[in-house]
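Just below is one structure, and these are the notes that go with it.
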Amino acid sequence: MTTQTVQFLRPSKSKQSSTTQRWSVAEIEALFKLPFADLLYRAQQVHREHFDVNAVQLSTLLSIKSGGCTEDCGYCPQSAFNSADVENQEMLELETVVQAARAAQQKGAGRFCMGAAWREPSDAEMASVVKMVEAVRDIGMETCATLGMLREEHVEQLREAGLDYYNHNLDSAPEFYGEVITTRDYQDRLDTLERVRRAGISVCSGGIVGMGESLTQRAGLIAQLANLNPYPESVPINSLVKVEGTPLADAADLDPLDFVRTIAVARITMPKARVRLSAGRQQMSDAVQALCFLAGANSMFYGDRLLTTGNPDVERDRELLDKLGMYPLADKH
Ligand code: SAM
Ligand code: DTB
Ligand code: SF4
């Protein structure tokens, strides 16, 4: 490779600020196009510079309110616009949530993420969520919530409750977004992330691959995330789970190696982030997941369910981690 090509694969210095590196979409697309071995080698180098590569952060999800969502996200089984076989479920009782968190903690999860099928929470709903966050915090777990868009005062309530992370995904590149969701726009998402960031809550934001986006659009999603200032502490990379009754049920299969590439590019462009191997693991072989860890993934959703769809069994995941000589982050504390 010529020196010129190598320089091209580094973030552009001219646009660099003192606190963050700026990545152009073209630079990120060039990373995607590297020979696979070169890409993984580079991702491994970055990973080893910043992390114990054998420790994996484990988050368990719980859907605290399911189905009947007023947004029209084309991938989502919980949208009222779609006809997936998801039972609408009102908000869970506090005790049910705490029991689920305790069970997750006993199985080795370090973080508990509460998800709700809302466009945005109401004041009354926020009051219940605040109690859940406080209770999960009290049992000694890290807390995360994903509740849709947040107004300033709701962010403030979550901060006061001691919420550690807020998950709100950009999901796709701005140029592709409108083909998947029409009921809210990209700027709404950026605004929520900005409010969360300003309140001092750690940001968890990522996206979905395999929705029919072009390579440039996939690079565009990573560019959006990597150019946030600062970039998110936690970056979930989801492989589309094709659910019957959603507009994306028949999307073309994603080549698993392209998923691995996306993880590697996220690792290189967001060196200190926890890059999470997220939805879609049930459909992935152990070998592909091992490649994802090699590419720099150091977090995963752990527990038999995601929100409404399945995830590998806890026993199977423990076996996988054992086989790879990896261990949950919480085990070290
Ligand atoms: N309603 C809130 C929101 O949209 O922000 C929180 C829950 S929503 C289900 C959280 C994320 O789950 C979405 O942003 C999307 O990235 C992911 N997701 C939903 N359905 C998915 C699917 N079928 N495959 C992969 N990821 C999915
Ligand atoms: C994220 O990026 N993926 C999770 C979590 N954040 C909330 C959700 C995946 C949902 C997959 C479809 C379902 O189970 O409903
Ligand atoms: Fe609702 Fe979130 Fe699903 Fe969109 S992704 S339909 S906002 S639950």
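Residue numbering restarts at 1 in every chain; chains get A, B, ... in the order shown in the structure tokens, and ligands count up from 1 in that same order.
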
*asked:* If DSSP is run on the backbone, what residues of region 20-98 of chain A are helix (DSSP H, G or I)? A reply as a VMD selection string would be ideal.
replied: chain A and resid 25 to 32 36 to 50 94 to 98

*Pick out the residues sitting within 8 Å of Phe36 (chain A), and hand them over as a PyMOL selection string; count only C-alpha atoms, and ignore anything fewer than 3 positions along from it in its own chain.*
chain A and resi 39-40+261

Go ahead and write the selection's residues with N, CA, C and O atoms as a JSON list (two decimals), in the first residue's frame.
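This went into again.json:
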[["chain", "number", "residue", "atom", "x", "y", "z"],
["A", 39, "LEU", "N", -8.13, -4.75, 7.56],
["A", 39, "LEU", "CA", -9.13, -4.05, 8.38],
["A", 39, "LEU", "C", -9.13, -4.61, 9.80],
["A", 39, "LEU", "O", -9.09, -3.87, 10.79],
["A", 40, "LEU", "N", -9.15, -5.94, 9.92],
["A", 40, "LEU", "CA", -9.20, -6.54, 11.26],
["A", 40, "LEU", "C", -7.91, -6.29, 12.03],
["A", 40, "LEU", "O", -7.95, -6.09, 13.25],
["A", 261, "ARG", "N", -17.20, -6.30, 9.36],
["A", 261, "ARG", "CA", -16.53, -5.07, 8.89],
["A", 261, "ARG", "C", -17.09, -3.83, 9.59],
["A", 261, "ARG", "O", -16.36, -2.91, 9.94]]

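The nearest approach to ligand 3 among the residues A:Pro328, A:Gly280, A:Gly148, A:Pro174, with only C-alpha atoms and all ligand atoms taken into account, belongs to A:Gly148.
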
*For Val130 (chain A), list every protein, DNA or RNA residue within 7 Å, evaluated using only C-alpha atoms, and leave out those in the same chain fewer than 3 positions away; present the list as a ChimeraX atom specification.*
/A:126-127,133-134,158,161

*Within 7 Å of ligand 1, which residues show up when you count only C-alpha atoms and all ligand atoms? List them as an NGL selection string, please.*
:A and (75-77 or 115-119 or 146-149 or 168-169 or 171 or 207-208 or 238-243 or 279-280 or 307)

_Test item: residues at most 7 Å from Gly303 (chain A), only C-alpha atoms, excluding those fewer than 6 positions along its chain, as number ranges by chain_ = A: 60, 311, 313-314

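Nearest to Phe301 (chain A) of all the residues A:Leu61, A:Met284, A:Val265, A:Leu193 is A:Leu61, based on only C-alpha atoms.
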
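Distances here use only C-alpha atoms; by that measure, the residue among A:Leu248, A:Gly206, A:Gly140, A:Gly220 closest to Val180 (chain A) is A:Leu248.
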
*asked:* Quick check for you: according to DSSP on this backbone, which residues of region 14-200 of chain A are classed as strand (DSSP E or B)? Reply as a ChimeraX atom specification.
replied: /A:55-66,69,79,89,111-116,142-146,165-167,171

*Quick one: residues within 10 Å of Val136 (chain A), only C-alpha atoms counted, chain neighbours fewer than 4 positions away excluded, as a ChimeraX atom specification?*
/A:94,97-102,111-114,131-132,140-144,163

I need the chosen residues saved as a tab-separated table (two decimals), in the first residue's frame, with N, CA, C and O atoms.
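As a result, out13.tsv now contains:
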chain	number	residue	atom	x	y	z
A	94	LEU	N	-43.11	-1.99	39.17
A	94	LEU	CA	-41.75	-1.78	39.67
A	94	LEU	C	-41.12	-3.09	40.15
A	94	LEU	O	-39.97	-3.41	39.84
A	97	VAL	N	-39.82	-5.38	37.47
A	97	VAL	CA	-38.58	-4.87	36.87
A	97	VAL	C	-37.39	-5.19	37.78
A	97	VAL	O	-36.35	-5.68	37.34
A	98	VAL	N	-37.57	-4.95	39.07
A	98	VAL	CA	-36.47	-5.20	40.01
A	98	VAL	C	-36.11	-6.68	40.06
A	98	VAL	O	-34.93	-7.06	40.07
A	99	GLN	N	-37.14	-7.53	40.03
A	99	GLN	CA	-36.86	-8.98	40.01
A	99	GLN	C	-36.06	-9.38	38.77
A	99	GLN	O	-35.12	-10.17	38.84
A	100	ALA	N	-36.45	-8.81	37.62
A	100	ALA	CA	-35.73	-9.13	36.37
A	100	ALA	C	-34.29	-8.63	36.45
A	100	ALA	O	-33.35	-9.32	35.99
A	101	ALA	N	-34.10	-7.47	37.05
A	101	ALA	CA	-32.74	-6.93	37.18
A	101	ALA	C	-31.90	-7.83	38.10
A	101	ALA	O	-30.74	-8.14	37.80
A	102	ARG	N	-32.49	-8.26	39.21
A	102	ARG	CA	-31.76	-9.14	40.14
A	102	ARG	C	-31.34	-10.43	39.43
A	102	ARG	O	-30.21	-10.91	39.58
A	111	ARG	N	-25.00	-4.43	33.45
A	111	ARG	CA	-25.87	-3.29	33.15
A	111	ARG	C	-27.27	-3.79	32.80
A	111	ARG	O	-27.41	-4.85	32.16
A	112	PHE	N	-28.27	-3.02	33.22
A	112	PHE	CA	-29.65	-3.39	32.96
A	112	PHE	C	-30.28	-2.27	32.15
A	112	PHE	O	-30.25	-1.10	32.57
A	113	CYS	N	-30.82	-2.63	30.98
A	113	CYS	CA	-31.35	-1.62	30.07
A	113	CYS	C	-32.86	-1.75	29.92
A	113	CYS	O	-33.36	-2.80	29.50
A	114	MET	N	-33.57	-0.71	30.30
A	114	MET	CA	-35.03	-0.72	30.27
A	114	MET	C	-35.54	-0.02	29.02
A	114	MET	O	-35.23	1.15	28.79
A	131	LYS	N	-38.54	5.73	39.21
A	131	LYS	CA	-38.50	4.78	40.35
A	131	LYS	C	-37.76	3.50	39.94
A	131	LYS	O	-37.02	2.92	40.72
A	132	MET	N	-37.97	3.08	38.70
A	132	MET	CA	-37.29	1.86	38.23
A	132	MET	C	-35.77	2.08	38.19
A	132	MET	O	-35.01	1.22	38.63
A	140	GLY	N	-27.16	-2.25	42.68
A	140	GLY	CA	-25.74	-2.23	42.32
A	140	GLY	C	-25.45	-2.51	40.86
A	140	GLY	O	-24.32	-2.87	40.52
A	141	MET	N	-26.46	-2.33	40.01
A	141	MET	CA	-26.19	-2.50	38.58
A	141	MET	C	-26.06	-1.13	37.90
A	141	MET	O	-26.63	-0.15	38.38
A	142	GLU	N	-25.34	-1.10	36.78
A	142	GLU	CA	-25.37	0.09	35.95
A	142	GLU	C	-26.74	0.15	35.29
A	142	GLU	O	-27.32	-0.89	34.96
A	143	THR	N	-27.24	1.37	35.08
A	143	THR	CA	-28.57	1.51	34.50
A	143	THR	C	-28.52	2.15	33.12
A	143	THR	O	-27.69	3.03	32.86
A	144	CYS	N	-29.44	1.69	32.27
A	144	CYS	CA	-29.59	2.28	30.94
A	144	CYS	C	-31.09	2.31	30.65
A	144	CYS	O	-31.83	1.44	31.13
A	163	LEU	N	-29.36	7.83	36.40
A	163	LEU	CA	-29.23	6.98	35.20
A	163	LEU	C	-27.80	7.07	34.65
A	163	LEU	O	-27.27	8.17	34.49

*Which neighbours of Ala80 (chain A) fall inside 6 Å, counting only C-alpha atoms, when residues of the same chain fewer than 5 positions from it are skipped, and could you give them as a ChimeraX atom specification?*
/A:68-70

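Ranking A:Val129, A:Met300, A:Leu294, A:Leu257 by their shortest atom-to-atom distance to ligand 2, with only C-alpha atoms and all ligand atoms included, puts A:Met300 first.
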
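Using only C-alpha atoms, the protein and nucleic acid residues lying no more than 8 Å from Gly110 (chain A), apart from those fewer than 2 places from it along its own chain, are Gln57, Leu58, Ser59, Gln105, Gly108, Phe112, Met141, Glu142, Leu329 and Ala330 of chain A.
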